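Here is the structure we will look at, set down as structure tokens.
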Amino acid sequence: MRFGANYIPSKNWLYSWLDFDEESIKKDLQTLKNLGFDHIRAHLLWSYFQTNETAMSEHCLINLGKFAKICDEVQIDFFLTLFTGWMSGFVFLPSWLNVGGFDIWRLGMFTDERAIEAEKLYIREIGKVVSKSKTFIGFDLGNELNCLTRPEIDPQISEDAADKWSHIMFEECEKAAPGKMHSNGMAHAPWFGKTYFSREVLSTDGVITPLHAWVPFTGTNSRYGWNSIETYSLPNYMSEMAIAYAKDPNRQCWVQEFGMADQWFKTEDELKDFIFGTLKQCAAQKNMWGITWWCSHDISDKYTGFVDFEHNLGLIDVNNNPKPAGLFIKEFIDEYKKNGTTDHIKPTNALIIKEGTGEESDYTNAEVYMKYVKKGIYPAFVTPENAQNQEYLKLRGITEIIQ
């Protein structure tokens with residue numbers, strides 16, 4: 001299993017693409033490397049890089065090239081999120097979309113043909129900078145794009161439109177950076193309720209299915225507490241849901257976001273239990289590619305406007321000193337690299353997915369899954385359409401439907 005962190009620069013936050021400090025960024029990445037991390041997920045800010053629908057920021061592209069060289073030098077792999085129009089409570093949509101502005105003309109980012117052509121240009125230009133880097137792993141389409149699938153951002157958005165957009169963008173990513181591990185990282189909503197992107201497409205397009213397994217935002221901690229087997233198993237639940245919709249039964253999942261804030265735990269012992277408990281469960285999931293912690297560094301107090309906990313989600317402080325959480329994860333990584341894991345979860349029974357209410361944190365399926373987990377049973381999921389398909393069930397090693 002791979003271990004990484006979502007990279008938040010210790011100096012200048014993501015404004016770093018404009019105020020680029022090579023020495024600071026190199027120090028940040030070396031500190032992560034020293035903690036045992038082998039990759040990062042780095043975030044472009046779309047509005048900074050694509051200043052016009054037909055033009056890119058040369059300044060930001062140059063800085064991106066410098067960033068790729070630093071990753072090569074430190075020998076830490078990196079993913080890049082592309083259409084990062086949503087990040088930590090702020091919206092960074094390009095002004096040329098005219099979203100929220102004067103309605104002289106208005107481009108929906110998922111449906112308008114002009115916008116889509118501009119987005120293809122964006123992918124091509126970014127690909128020219130990073131595709132040859134030996135540490136570049138792949139593109140992530142954006143940071144939680146479901147946060148942007150709102151009618152006020154794209155009035156024509158629909159499930160068919162979002163899925164079509166996904167196909168187009170992944171095709172362009174493959175052209176710009178062939179053979180890389182391209183993905184589409186959504187928040188938790190698809191595996192609890194619904195988004196405009198269908199579960200089938202999220203589990204099929206690209207190479208891997210990312211999961212954002214935030215304990216508080218899914219309501220898991222309020223149901224089961226921070227330290228319980230149910231809470232530790234949140235990524236397992238989401239992974240099993242994703243596999244149920246995948247065409248490839250061996251499709252890998254990636255816990256692309258998972259983390260905690262300092263104030264969520266009263267003692268360091270509770271924090272360590274939470275980290276070790278969850279990472280052990282992730283390591284036991286047989287189709288788990290890796291886990292990428294949110295996030296690398298705290299946000300400086302000089303920046304205002306963030307929700308309080310956003311400032312201390314980091315494993316490392318703004319002076320590049322590892323915090324207790326960072327040291328606990330290093331301890332786990334060291335143990336894992338020494339001993340590995342052979343005790344993988346191999347479900348032979350399955351639950352049939354229920355439709356639920358469609359709300360973003362609908363626990364209809366998760367609640368049933370957690371009841372079995374409490375008993376020490378880790379079931380798979382199947383869609384109602386596949387529940388009687390014996391060939392399919394045999395392919396997945398499922399011998400019993402338990403719901």
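How things are named: the first chain in the structure tokens is A, the next is B, and so on; residues count from 1 in each chain; ligands count from 1 in the order shown.
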*Give me the residues within 10 Å of Phe67 of chain A as a list in words, counting only C-alpha atoms and dropping any in the same chain fewer than 4 places off.*
Trp17, Phe20, Asp21, Glu22, Ile25, Lys26, Ala42, Leu61, Ile62, Asn63, Cys71, Asp72, Glu73, Phe78 and Val130 of chain A
All heavy atoms of the current selection, written as a compact mmCIF listing (two decimals), in the first residue's frame:
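Printed below is selection.txt as written:
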```txt
# COMPACT_ATOMS: atom_id res chain seq x y z
N TRP A 17 1.60 29.13 -6.20
CA TRP A 17 1.78 29.10 -7.65
C TRP A 17 2.07 30.50 -8.20
O TRP A 17 2.67 30.63 -9.27
CB TRP A 17 0.54 28.51 -8.33
CG TRP A 17 0.31 27.08 -7.97
CD1 TRP A 17 -0.76 26.55 -7.30
CD2 TRP A 17 1.19 25.98 -8.25
NE1 TRP A 17 -0.60 25.19 -7.14
CE2 TRP A 17 0.58 24.81 -7.72
CE3 TRP A 17 2.42 25.85 -8.90
CZ2 TRP A 17 1.16 23.54 -7.82
CZ3 TRP A 17 3.01 24.59 -8.99
CH2 TRP A 17 2.39 23.46 -8.46
N PHE A 20 6.14 31.72 -5.71
CA PHE A 20 6.81 30.42 -5.66
C PHE A 20 8.16 30.53 -4.95
O PHE A 20 9.02 31.32 -5.34
CB PHE A 20 7.02 29.90 -7.08
CG PHE A 20 7.25 28.42 -7.16
CD1 PHE A 20 6.21 27.53 -7.04
CD2 PHE A 20 8.53 27.92 -7.39
CE1 PHE A 20 6.42 26.16 -7.14
CE2 PHE A 20 8.76 26.57 -7.49
CZ PHE A 20 7.71 25.67 -7.36
N ASP A 21 8.34 29.73 -3.91
CA ASP A 21 9.57 29.72 -3.13
C ASP A 21 10.19 28.32 -3.23
O ASP A 21 9.78 27.39 -2.53
CB ASP A 21 9.27 30.07 -1.67
CG ASP A 21 10.52 30.27 -0.83
OD1 ASP A 21 11.48 29.50 -1.01
OD2 ASP A 21 10.53 31.18 0.03
N GLU A 22 11.13 28.17 -4.13
CA GLU A 22 11.69 26.84 -4.41
C GLU A 22 12.30 26.18 -3.18
O GLU A 22 12.09 24.99 -2.94
CB GLU A 22 12.74 26.95 -5.51
CG GLU A 22 12.17 27.30 -6.87
CD GLU A 22 13.24 27.33 -7.95
OE1 GLU A 22 13.84 26.27 -8.21
OE2 GLU A 22 13.47 28.42 -8.50
N ILE A 25 9.59 24.96 -0.73
CA ILE A 25 8.86 23.80 -1.24
C ILE A 25 9.74 22.55 -1.20
O ILE A 25 9.28 21.46 -0.82
CB ILE A 25 8.34 24.08 -2.66
CG1 ILE A 25 7.20 25.10 -2.58
CG2 ILE A 25 7.88 22.80 -3.35
CD1 ILE A 25 6.71 25.62 -3.90
N LYS A 26 11.00 22.71 -1.54
CA LYS A 26 11.92 21.57 -1.46
C LYS A 26 12.04 21.06 -0.03
O LYS A 26 12.03 19.84 0.22
CB LYS A 26 13.29 21.97 -2.00
CG LYS A 26 14.28 20.81 -2.03
CD LYS A 26 15.61 21.25 -2.64
CE LYS A 26 16.60 20.09 -2.66
NZ LYS A 26 17.91 20.49 -3.26
N ALA A 42 -0.86 17.16 -5.39
CA ALA A 42 -0.67 18.61 -5.42
C ALA A 42 -1.83 19.23 -6.18
O ALA A 42 -2.38 18.64 -7.12
CB ALA A 42 0.65 18.97 -6.08
N LEU A 61 2.95 28.29 -15.30
CA LEU A 61 3.49 27.11 -15.98
C LEU A 61 4.98 26.95 -15.69
O LEU A 61 5.47 25.82 -15.51
CB LEU A 61 3.25 27.21 -17.49
CG LEU A 61 1.79 27.07 -17.95
CD1 LEU A 61 1.70 27.31 -19.45
CD2 LEU A 61 1.23 25.71 -17.59
N ILE A 62 5.70 28.05 -15.65
CA ILE A 62 7.13 27.98 -15.31
C ILE A 62 7.30 27.46 -13.89
O ILE A 62 8.16 26.61 -13.62
CB ILE A 62 7.78 29.37 -15.47
CG1 ILE A 62 7.90 29.73 -16.95
CG2 ILE A 62 9.17 29.40 -14.81
CD1 ILE A 62 8.31 31.17 -17.22
N ASN A 63 6.48 27.95 -12.98
CA ASN A 63 6.56 27.49 -11.59
C ASN A 63 6.19 26.02 -11.47
O ASN A 63 6.77 25.28 -10.65
CB ASN A 63 5.66 28.34 -10.70
CG ASN A 63 6.22 29.73 -10.48
OD1 ASN A 63 7.43 29.96 -10.64
ND2 ASN A 63 5.37 30.67 -10.11
N CYS A 71 10.20 17.68 -7.33
CA CYS A 71 9.70 16.34 -7.03
C CYS A 71 10.67 15.28 -7.54
O CYS A 71 10.93 14.28 -6.85
CB CYS A 71 8.33 16.13 -7.64
SG CYS A 71 7.01 17.08 -6.86
N ASP A 72 11.21 15.49 -8.73
CA ASP A 72 12.20 14.56 -9.28
C ASP A 72 13.44 14.51 -8.41
O ASP A 72 13.99 13.43 -8.14
CB ASP A 72 12.59 14.98 -10.70
CG ASP A 72 11.50 14.71 -11.73
OD1 ASP A 72 10.53 14.00 -11.39
OD2 ASP A 72 11.62 15.22 -12.87
N GLU A 73 13.87 15.66 -7.94
CA GLU A 73 15.08 15.73 -7.12
C GLU A 73 14.88 15.06 -5.77
O GLU A 73 15.74 14.31 -5.30
CB GLU A 73 15.49 17.19 -6.93
CG GLU A 73 16.81 17.36 -6.19
CD GLU A 73 17.22 18.82 -6.09
OE1 GLU A 73 16.66 19.66 -6.83
OE2 GLU A 73 18.10 19.12 -5.26
N PHE A 78 4.11 12.52 -7.65
CA PHE A 78 3.05 13.51 -7.48
C PHE A 78 1.90 13.32 -8.45
O PHE A 78 2.09 12.97 -9.61
CB PHE A 78 3.60 14.94 -7.56
CG PHE A 78 4.05 15.38 -8.93
CD1 PHE A 78 3.23 16.15 -9.75
CD2 PHE A 78 5.32 15.04 -9.41
CE1 PHE A 78 3.66 16.58 -11.00
CE2 PHE A 78 5.75 15.47 -10.66
CZ PHE A 78 4.92 16.24 -11.46
N VAL A 130 4.40 18.55 -17.45
CA VAL A 130 4.66 17.50 -16.46
C VAL A 130 4.72 16.08 -17.00
O VAL A 130 5.21 15.18 -16.30
CB VAL A 130 3.61 17.55 -15.32
CG1 VAL A 130 3.63 18.90 -14.62
CG2 VAL A 130 2.21 17.21 -15.83
```
*Please return as a ChimeraX atom specification: the residues of segment 115-363 of chain A that backbone DSSP assigns to strand (DSSP E).*
/A:136-140,209-212,253-259,288-294,349-352
*Considering only C-alpha atoms, return as a ChimeraX atom specification whatever protein or nucleic-acid residues lie within 9 Å of Ala5 of chain A, sequence-local ones (same chain, fewer than 2 positions apart) excluded.*
/A:3,7-8,32,37-42,256-257,291-296,315
*Excluding Asp248 of chain A and residues on its chain fewer than 6 positions from it, collect all residues at most 10 Å away from it, counting only C-alpha atoms, and give them as a list in words.*
Ser203, Thr204 and Arg396 of chain A
Could you take the residues named above and write them with N, CA, C and O atoms, as a compact mmCIF listing (two decimals), in the first residue's frame?
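Result file again_19.txt:
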```txt
# COMPACT_ATOMS: atom_id res chain seq x y z
N SER A 203 -16.63 4.61 -11.11
CA SER A 203 -15.95 3.33 -10.86
C SER A 203 -15.37 2.72 -12.13
O SER A 203 -14.81 1.62 -12.07
N THR A 204 -15.50 3.43 -13.24
CA THR A 204 -15.03 2.88 -14.51
C THR A 204 -14.07 3.81 -15.24
O THR A 204 -13.02 3.38 -15.72
N ARG A 396 -16.45 -12.60 -8.51
CA ARG A 396 -16.04 -11.82 -7.34
C ARG A 396 -15.84 -12.67 -6.09
O ARG A 396 -15.51 -12.13 -5.03
```
Do you know which residues are at most 9 Å from segment 178-194 of chain A counting only C-alpha atoms, after dropping those on the same chain fewer than 5 positions away, and could you put them as a CSV table (one decimal) with N, CA, C and O atoms, in the first residue's frame?
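The file below, result_15.csv, is the result:
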```csv
chain,number,residue,atom,x,y,z
A,79,PHE,N,0.7,13.5,-7.9
A,79,PHE,CA,-0.5,13.7,-8.7
A,79,PHE,C,-0.8,15.2,-8.8
A,79,PHE,O,-0.4,15.9,-8.0
A,81,THR,N,-4.1,17.8,-9.3
A,81,THR,CA,-5.5,18.1,-9.6
A,81,THR,C,-5.6,19.2,-10.6
A,81,THR,O,-4.9,20.2,-10.5
A,131,SER,N,4.2,15.8,-18.2
A,131,SER,CA,4.1,14.5,-18.7
A,131,SER,C,5.4,13.7,-18.7
A,131,SER,O,5.4,12.4,-18.6
A,136,PHE,N,5.9,12.1,-12.0
A,136,PHE,CA,4.5,12.4,-12.2
A,136,PHE,C,3.6,11.1,-12.4
A,136,PHE,O,3.9,10.3,-13.3
A,137,ILE,N,2.6,10.9,-11.5
A,137,ILE,CA,1.8,9.7,-11.5
A,137,ILE,C,0.6,9.9,-12.4
A,137,ILE,O,0.2,9.0,-13.2
A,138,GLY,N,-0.1,11.0,-12.3
A,138,GLY,CA,-1.3,11.2,-13.1
A,138,GLY,C,-2.1,12.4,-12.7
A,138,GLY,O,-1.8,13.1,-11.7
A,139,PHE,N,-3.1,12.7,-13.5
A,139,PHE,CA,-4.0,13.8,-13.3
A,139,PHE,C,-5.2,13.3,-12.4
A,139,PHE,O,-5.7,12.3,-12.7
A,140,ASP,N,-5.6,14.2,-11.5
A,140,ASP,CA,-6.9,14.1,-10.9
A,140,ASP,C,-7.7,15.2,-11.5
A,140,ASP,O,-7.3,16.3,-11.5
A,141,LEU,N,-8.9,14.9,-12.0
A,141,LEU,CA,-9.7,15.9,-12.7
A,141,LEU,C,-9.9,17.2,-11.9
A,141,LEU,O,-9.9,18.3,-12.5
A,142,GLY,N,-10.1,17.1,-10.6
A,142,GLY,CA,-10.3,18.3,-9.8
A,142,GLY,C,-10.5,17.9,-8.4
A,142,GLY,O,-10.7,16.7,-8.0
A,143,ASN,N,-10.5,18.9,-7.5
A,143,ASN,CA,-10.7,18.6,-6.1
A,143,ASN,C,-12.2,18.7,-5.8
A,143,ASN,O,-12.8,19.7,-5.8
A,144,GLU,N,-12.8,17.5,-5.6
A,144,GLU,CA,-14.2,17.4,-5.2
A,144,GLU,C,-15.1,18.2,-6.2
A,144,GLU,O,-15.8,19.1,-5.8
A,145,LEU,N,-15.1,17.7,-7.4
A,145,LEU,CA,-15.9,18.4,-8.5
A,145,LEU,C,-17.4,18.4,-8.2
A,145,LEU,O,-18.1,19.2,-8.7
A,146,ASN,N,-17.8,17.5,-7.4
A,146,ASN,CA,-19.3,17.5,-7.0
A,146,ASN,C,-19.7,18.8,-6.3
A,146,ASN,O,-20.8,19.1,-6.3
A,147,CYS,N,-18.7,19.4,-5.7
A,147,CYS,CA,-19.0,20.7,-5.1
A,147,CYS,C,-19.3,21.8,-6.1
A,147,CYS,O,-19.8,22.9,-5.8
A,166,SER,N,-17.0,13.6,-18.1
A,166,SER,CA,-16.0,12.7,-17.6
A,166,SER,C,-15.3,12.0,-18.7
A,166,SER,O,-14.0,11.9,-18.8
A,170,PHE,N,-11.2,12.5,-19.5
A,170,PHE,CA,-10.3,11.4,-19.4
A,170,PHE,C,-9.6,11.1,-20.7
A,170,PHE,O,-8.4,10.7,-20.7
A,173,CYS,N,-6.9,13.6,-21.0
A,173,CYS,CA,-5.8,13.4,-20.0
A,173,CYS,C,-4.9,12.3,-20.6
A,173,CYS,O,-3.7,12.4,-20.5
A,199,ARG,N,-22.3,6.6,-10.2
A,199,ARG,CA,-21.4,5.7,-9.6
A,199,ARG,C,-20.7,4.8,-10.6
A,199,ARG,O,-19.5,4.4,-10.4
A,202,LEU,N,-17.9,6.8,-12.2
A,202,LEU,CA,-16.8,7.0,-11.2
A,202,LEU,C,-16.0,5.8,-10.9
A,202,LEU,O,-14.8,5.8,-10.6
A,205,ASP,N,-14.4,5.1,-15.3
A,205,ASP,CA,-13.5,6.0,-16.0
A,205,ASP,C,-12.2,6.2,-15.3
A,205,ASP,O,-12.1,6.1,-14.1
A,206,GLY,N,-11.2,6.4,-16.0
A,206,GLY,CA,-9.9,6.6,-15.4
A,206,GLY,C,-9.3,5.2,-15.0
A,206,GLY,O,-9.8,4.2,-15.4
A,207,VAL,N,-8.3,5.3,-14.2
A,207,VAL,CA,-7.5,4.0,-13.9
A,207,VAL,C,-7.9,3.6,-12.5
A,207,VAL,O,-7.8,2.4,-12.2
A,208,ILE,N,-8.3,4.5,-11.6
A,208,ILE,CA,-8.5,4.1,-10.2
A,208,ILE,C,-9.6,5.0,-9.6
A,208,ILE,O,-9.9,6.0,-10.2
A,209,THR,N,-10.3,4.4,-8.6
A,209,THR,CA,-11.4,5.2,-8.0
A,209,THR,C,-11.0,5.8,-6.7
A,209,THR,O,-10.7,5.1,-5.7
A,210,PRO,N,-10.9,7.1,-6.6
A,210,PRO,CA,-10.5,7.8,-5.4
A,210,PRO,C,-11.7,7.9,-4.4
A,210,PRO,O,-12.9,8.0,-4.8
A,211,LEU,N,-11.4,7.9,-3.1
A,211,LEU,CA,-12.4,7.9,-2.0
A,211,LEU,C,-12.0,9.0,-1.0
A,211,LEU,O,-10.8,9.1,-0.7
A,212,HIS,N,-12.9,9.9,-0.6
A,212,HIS,CA,-12.7,10.9,0.4
A,212,HIS,C,-13.4,10.5,1.6
A,212,HIS,O,-14.6,10.7,1.8
A,213,ALA,N,-12.7,9.8,2.5
A,213,ALA,CA,-13.3,9.2,3.7
A,213,ALA,C,-13.2,10.0,4.9
A,213,ALA,O,-12.6,9.6,5.9
A,214,TRP,N,-13.8,11.2,4.9
A,214,TRP,CA,-13.8,12.0,6.1
A,214,TRP,C,-14.8,11.6,7.1
A,214,TRP,O,-16.0,11.5,6.9
A,217,PHE,N,-17.4,14.5,8.3
A,217,PHE,CA,-18.3,15.0,7.2
A,217,PHE,C,-19.3,14.0,6.8
A,217,PHE,O,-20.4,14.3,6.2
A,218,THR,N,-19.0,12.7,7.0
A,218,THR,CA,-20.0,11.6,6.7
A,218,THR,C,-20.9,11.4,7.9
A,218,THR,O,-21.8,10.6,7.8
A,237,TYR,N,-15.9,0.5,3.7
A,237,TYR,CA,-17.3,0.6,3.2
A,237,TYR,C,-17.3,1.3,1.9
A,237,TYR,O,-17.9,0.8,0.9
A,238,MET,N,-16.6,2.4,1.8
A,238,MET,CA,-16.7,3.2,0.5
A,238,MET,C,-16.0,2.4,-0.6
A,238,MET,O,-16.5,2.4,-1.8
A,239,SER,N,-14.9,1.7,-0.3
A,239,SER,CA,-14.3,0.8,-1.3
A,239,SER,C,-15.2,-0.3,-1.8
A,239,SER,O,-15.3,-0.5,-3.0
A,241,MET,N,-18.4,-0.2,-1.8
A,241,MET,CA,-19.5,0.4,-2.6
A,241,MET,C,-19.0,0.7,-4.1
A,241,MET,O,-19.7,0.4,-5.1
A,242,ALA,N,-17.8,1.2,-4.2
A,242,ALA,CA,-17.2,1.5,-5.5
A,242,ALA,C,-17.0,0.3,-6.3
A,242,ALA,O,-17.3,0.3,-7.5
A,256,GLN,N,-8.0,8.9,-1.2
A,256,GLN,CA,-7.4,10.1,-1.7
A,256,GLN,C,-7.4,11.2,-0.7
A,256,GLN,O,-6.5,12.1,-0.7
A,257,GLU,N,-8.4,11.2,0.2
A,257,GLU,CA,-8.4,12.2,1.3
A,257,GLU,C,-8.9,11.5,2.6
A,257,GLU,O,-9.9,10.8,2.6
A,355,GLU,N,-31.5,1.8,-2.5
A,355,GLU,CA,-31.5,3.1,-3.2
A,355,GLU,C,-31.3,4.2,-2.2
A,355,GLU,O,-30.6,5.2,-2.4
A,356,GLY,N,-31.9,4.2,-1.0
A,356,GLY,CA,-31.8,5.2,0.0
A,356,GLY,C,-32.5,6.5,-0.4
A,356,GLY,O,-33.3,6.5,-1.3
A,357,THR,N,-32.2,7.5,0.3
A,357,THR,CA,-32.9,8.8,0.1
A,357,THR,C,-32.2,9.7,-0.9
A,357,THR,O,-32.8,10.6,-1.4
A,358,GLY,N,-30.9,9.4,-1.2
A,358,GLY,CA,-30.2,10.3,-2.1
A,358,GLY,C,-29.5,11.5,-1.5
A,358,GLY,O,-28.8,12.2,-2.1
A,359,GLU,N,-29.7,11.7,-0.2
A,359,GLU,CA,-29.1,12.8,0.5
A,359,GLU,C,-27.6,12.5,0.6
A,359,GLU,O,-27.1,11.4,0.6
A,360,GLU,N,-26.8,13.6,0.7
A,360,GLU,CA,-25.4,13.5,0.7
A,360,GLU,C,-24.8,12.6,1.8
A,360,GLU,O,-23.7,12.0,1.5
A,361,SER,N,-25.4,12.6,2.9
A,361,SER,CA,-24.8,11.7,4.0
A,361,SER,C,-25.9,10.7,4.4
A,361,SER,O,-26.0,10.3,5.6
A,362,ASP,N,-26.6,10.1,3.4
A,362,ASP,CA,-27.5,9.1,3.7
A,362,ASP,C,-26.8,7.8,4.1
A,362,ASP,O,-26.0,7.3,3.4
A,363,TYR,N,-27.2,7.3,5.3
A,363,TYR,CA,-26.4,6.1,5.9
A,363,TYR,C,-27.1,4.8,5.6
A,363,TYR,O,-26.8,3.8,6.3
A,364,THR,N,-28.1,4.8,4.7
A,364,THR,CA,-28.9,3.6,4.4
A,364,THR,C,-28.0,2.3,4.3
A,364,THR,O,-28.2,1.3,4.9
A,365,ASN,N,-27.0,2.4,3.4
A,365,ASN,CA,-26.2,1.2,3.1
A,365,ASN,C,-25.1,1.1,4.1
A,365,ASN,O,-24.7,0.0,4.5
A,366,ALA,N,-24.5,2.2,4.5
A,366,ALA,CA,-23.4,2.2,5.5
A,366,ALA,C,-23.8,1.6,6.8
A,366,ALA,O,-23.1,0.9,7.5
```
*Counting only C-alpha atoms, figure out which residue out of A:Phe258, A:Lys302, A:Ile329, A:Lys286 gets nearest to Lys346 of chain A.*
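Result for the nearest residue to Lys346 of chain A: A:Lys286.
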*Name all residues at most 8 Å from segment 117-127 of chain A (count only C-alpha atoms; drop same-chain ones fewer than 3 positions away) and give them as a ChimeraX atom specification.*
/A:50,53-54,56,61,82,113-114,130-131,169,172-173,176-177
Expected file: the selected residues, all heavy atoms, as a short mmCIF file (atom, residue, chain, number, x, y, z; two decimals), in the first residue's frame:
```cif
data_model
loop_
_atom_site.label_atom_id
_atom_site.label_comp_id
_atom_site.auth_asym_id
_atom_site.auth_seq_id
_atom_site.Cartn_x
_atom_site.Cartn_y
_atom_site.Cartn_z
N GLN A 50 -5.22 29.15 -15.93
CA GLN A 50 -5.89 29.46 -17.20
C GLN A 50 -6.57 30.82 -17.08
O GLN A 50 -7.71 30.93 -16.64
CB GLN A 50 -6.89 28.36 -17.58
CG GLN A 50 -7.40 28.51 -19.01
CD GLN A 50 -8.20 27.29 -19.48
OE1 GLN A 50 -8.72 26.55 -18.66
NE2 GLN A 50 -8.28 27.10 -20.78
N GLU A 53 -9.98 31.78 -21.71
CA GLU A 53 -10.33 30.50 -22.31
C GLU A 53 -9.37 30.09 -23.41
O GLU A 53 -9.29 28.91 -23.78
CB GLU A 53 -11.77 30.51 -22.85
CG GLU A 53 -12.05 31.51 -23.94
CD GLU A 53 -13.50 31.43 -24.41
OE1 GLU A 53 -13.92 30.35 -24.90
OE2 GLU A 53 -14.22 32.44 -24.26
N THR A 54 -8.58 31.02 -23.91
CA THR A 54 -7.60 30.70 -24.95
C THR A 54 -6.16 30.99 -24.51
O THR A 54 -5.26 30.99 -25.35
CB THR A 54 -7.90 31.49 -26.23
OG1 THR A 54 -7.90 32.89 -25.92
CG2 THR A 54 -9.24 31.09 -26.82
N MET A 56 -2.99 30.69 -21.21
CA MET A 56 -2.48 30.18 -19.95
C MET A 56 -1.51 31.18 -19.33
O MET A 56 -0.92 32.00 -20.03
CB MET A 56 -1.75 28.85 -20.17
CG MET A 56 -2.59 27.76 -20.82
SD MET A 56 -3.84 27.06 -19.72
CE MET A 56 -2.79 26.15 -18.57
N LEU A 61 2.95 28.29 -15.30
CA LEU A 61 3.49 27.11 -15.98
C LEU A 61 4.98 26.95 -15.69
O LEU A 61 5.47 25.82 -15.51
CB LEU A 61 3.25 27.21 -17.49
CG LEU A 61 1.79 27.07 -17.95
CD1 LEU A 61 1.70 27.31 -19.45
CD2 LEU A 61 1.23 25.71 -17.59
N LEU A 82 -6.50 19.07 -11.54
CA LEU A 82 -6.58 20.02 -12.66
C LEU A 82 -7.59 21.13 -12.43
O LEU A 82 -7.22 22.28 -12.19
CB LEU A 82 -6.92 19.25 -13.94
CG LEU A 82 -5.83 18.37 -14.51
CD1 LEU A 82 -6.39 17.46 -15.60
CD2 LEU A 82 -4.69 19.21 -15.07
N GLU A 113 -19.91 23.93 -24.91
CA GLU A 113 -18.88 23.47 -25.85
C GLU A 113 -17.65 24.36 -25.83
O GLU A 113 -16.51 23.88 -25.94
CB GLU A 113 -19.45 23.39 -27.26
CG GLU A 113 -20.48 22.27 -27.44
CD GLU A 113 -20.95 22.14 -28.86
OE1 GLU A 113 -20.37 22.81 -29.75
OE2 GLU A 113 -21.89 21.36 -29.10
N ARG A 114 -17.84 25.65 -25.67
CA ARG A 114 -16.69 26.57 -25.59
C ARG A 114 -15.87 26.30 -24.35
O ARG A 114 -14.63 26.28 -24.40
CB ARG A 114 -17.17 28.02 -25.59
CG ARG A 114 -17.58 28.54 -26.96
CD ARG A 114 -18.08 29.97 -26.88
NE ARG A 114 -17.08 30.90 -26.36
CZ ARG A 114 -17.32 32.19 -26.14
NH1 ARG A 114 -18.53 32.69 -26.39
NH2 ARG A 114 -16.36 32.98 -25.70
N VAL A 130 4.40 18.55 -17.45
CA VAL A 130 4.66 17.50 -16.46
C VAL A 130 4.72 16.08 -17.00
O VAL A 130 5.21 15.18 -16.30
CB VAL A 130 3.61 17.55 -15.32
CG1 VAL A 130 3.63 18.90 -14.62
CG2 VAL A 130 2.21 17.21 -15.83
N SER A 131 4.22 15.84 -18.21
CA SER A 131 4.06 14.45 -18.66
C SER A 131 5.37 13.68 -18.74
O SER A 131 5.38 12.45 -18.61
CB SER A 131 3.35 14.41 -20.02
OG SER A 131 4.10 15.07 -21.01
N MET A 169 -12.95 14.35 -20.69
CA MET A 169 -11.77 14.80 -19.97
C MET A 169 -10.74 13.69 -19.79
O MET A 169 -9.53 13.92 -19.91
CB MET A 169 -12.19 15.37 -18.60
CG MET A 169 -12.98 16.66 -18.68
SD MET A 169 -12.10 18.01 -19.53
CE MET A 169 -13.19 18.26 -20.94
N GLU A 172 -8.87 13.23 -22.93
CA GLU A 172 -7.88 14.29 -23.12
C GLU A 172 -6.68 14.09 -22.20
O GLU A 172 -5.53 14.34 -22.59
CB GLU A 172 -8.54 15.64 -22.86
CG GLU A 172 -7.89 16.80 -23.57
CD GLU A 172 -7.98 16.70 -25.08
OE1 GLU A 172 -9.02 16.24 -25.60
OE2 GLU A 172 -7.00 17.10 -25.76
N CYS A 173 -6.92 13.63 -20.97
CA CYS A 173 -5.82 13.36 -20.04
C CYS A 173 -4.91 12.27 -20.59
O CYS A 173 -3.67 12.37 -20.49
CB CYS A 173 -6.37 12.92 -18.69
SG CYS A 173 -7.10 14.24 -17.68
N ALA A 176 -2.74 13.72 -23.27
CA ALA A 176 -1.72 14.64 -22.75
C ALA A 176 -0.65 13.92 -21.94
O ALA A 176 0.51 14.37 -21.91
CB ALA A 176 -2.39 15.71 -21.90
N ALA A 177 -1.03 12.83 -21.28
CA ALA A 177 -0.08 12.08 -20.44
C ALA A 177 -0.44 10.61 -20.52
O ALA A 177 -1.11 10.06 -19.63
CB ALA A 177 -0.14 12.59 -19.00
#
```
*Using atom CA of Pro379 of chain A and atom CA of Tyr392 of chain A as the two end points, give the distance in Å to one decimal.*
15.8 Å
